[in-house]
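Here is the structure we will look at, set down as structure tokens.
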Amino acid sequence: MKRALLVIDVQNEYFTGKLPITYPNGSFNNILKIMDIAKQNDILIIVIQHTALQSNAVTFRKGSKEWEMHDEISKRKYDYLIEKNLPGSFTGTNLEEILKKNEIDTIVISGYMTQMCCDTTSRQAFHLGYSVEFLSDATGTLNVSNYAGTVTAEELHRSILATQAMRFSKVITSSEWIQIIEN
């Protein structure tokens, strides 16, 4: 099994911008921890950055402070940085090419938001034949309220994890993943 860790959209928008991540508590620290463990174990690390294409975008506007990767992510060593414009990290990017070039068969999902870019990327990977490990406490989300209804961050996160575990990925905690890597 040859893994690649995807660190999806850990950008300032989710910390100081319009979309503050609230659940689960500690997800950011877990992301940093698994990046460190991945680097120590020679696991390919791919950082993914979302960019809105609309010039009047209110979030993820290229060049804005909120669009930038969180400073702690930027300080860490990683192998690739991929810019994307849609929720799926494979869509319109060279992610699959990088995975094939590095003979990756398993991707590890971390980052934000659980129900959007993490879920979409996981499903894409599954459809492309990759094994997927979805880190339950190294992904996160926020409360959502729109014309279709309101859902808490916890409900949304748990629902996506349950759905992921039904078919698309192996849902595990960061600690469980670290145990697998170190044994």
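Residue numbering restarts at 1 in every chain; chains get A, B, ... in the order shown in the structure tokens, and ligands count up from 1 in that same order.
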Problem - Which of chain A fall in strand (DSSP E or B), as a ChimeraX atom specification - result: /A:3-8,11,23,44-50,52,61,69,80-84,106-112,131-141,144-146,149-151,170-172
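If only C-alpha atoms are the atoms counted, then among A:Glu154, A:Glu133, A:Glu182, A:Glu66 the closest residue to Arg167 in chain A is A:Glu133.
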Skipping near chain neighbours, those fewer than 4 positions away, what residues fall within 6 Å of Leu142 in chain A using only C-alpha atoms, listed as a tab-separated table (two decimals) with N, CA, C and O atoms, in the first residue's frame?
chain	number	residue	atom	x	y	z
A	21	ILE	N	-14.35	27.15	10.79
A	21	ILE	CA	-14.59	25.74	11.13
A	21	ILE	C	-14.82	25.64	12.64
A	21	ILE	O	-14.07	26.20	13.43
A	22	THR	N	-15.86	24.91	13.03
A	22	THR	CA	-16.21	24.78	14.45
A	22	THR	C	-16.21	23.35	14.97
A	22	THR	O	-16.21	23.14	16.18
A	153	ALA	N	-22.88	21.65	12.72
A	153	ALA	CA	-21.60	21.12	12.24
A	153	ALA	C	-21.43	19.67	12.67
A	153	ALA	O	-20.99	18.83	11.88
Leaving out Ile172 in chain A and any residue of its chain fewer than 3 positions from it, which residues lie within 8 Å of it when counting only C-alpha atoms, given as a PDB file with N, CA, C and O atoms, in the first residue's frame?
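Ended up saving to part14.pdb:
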ATOM      1  N   GLU A 133      -8.623   6.535   2.852  1.00  0.00           N
ATOM      2  CA  GLU A 133      -8.674   6.613   4.312  1.00  0.00           C
ATOM      3  C   GLU A 133      -9.113   8.038   4.651  1.00  0.00           C
ATOM      4  O   GLU A 133      -8.461   9.001   4.269  1.00  0.00           O
ATOM      5  N   PHE A 134     -10.250   8.147   5.322  1.00  0.00           N
ATOM      6  CA  PHE A 134     -10.867   9.440   5.627  1.00  0.00           C
ATOM      7  C   PHE A 134     -10.666   9.694   7.115  1.00  0.00           C
ATOM      8  O   PHE A 134     -11.187   8.956   7.947  1.00  0.00           O
ATOM      9  N   LEU A 135      -9.887  10.713   7.454  1.00  0.00           N
ATOM     10  CA  LEU A 135      -9.535  10.957   8.854  1.00  0.00           C
ATOM     11  C   LEU A 135     -10.621  11.785   9.545  1.00  0.00           C
ATOM     12  O   LEU A 135     -10.773  12.977   9.292  1.00  0.00           O
ATOM     13  N   SER A 136     -11.360  11.123  10.418  1.00  0.00           N
ATOM     14  CA  SER A 136     -12.561  11.710  11.026  1.00  0.00           C
ATOM     15  C   SER A 136     -12.282  12.933  11.879  1.00  0.00           C
ATOM     16  O   SER A 136     -13.132  13.823  11.978  1.00  0.00           O
ATOM     17  N   GLU A 176      -5.588   6.403  15.072  1.00  0.00           N
ATOM     18  CA  GLU A 176      -5.642   5.078  14.449  1.00  0.00           C
ATOM     19  C   GLU A 176      -4.763   5.047  13.197  1.00  0.00           C
ATOM     20  O   GLU A 176      -4.051   4.072  12.949  1.00  0.00           O
ATOM     21  N   TRP A 177      -4.807   6.128  12.414  1.00  0.00           N
ATOM     22  CA  TRP A 177      -3.994   6.197  11.205  1.00  0.00           C
ATOM     23  C   TRP A 177      -2.507   6.182  11.548  1.00  0.00           C
ATOM     24  O   TRP A 177      -1.726   5.469  10.921  1.00  0.00           O
TER      25      TRP A 177
END
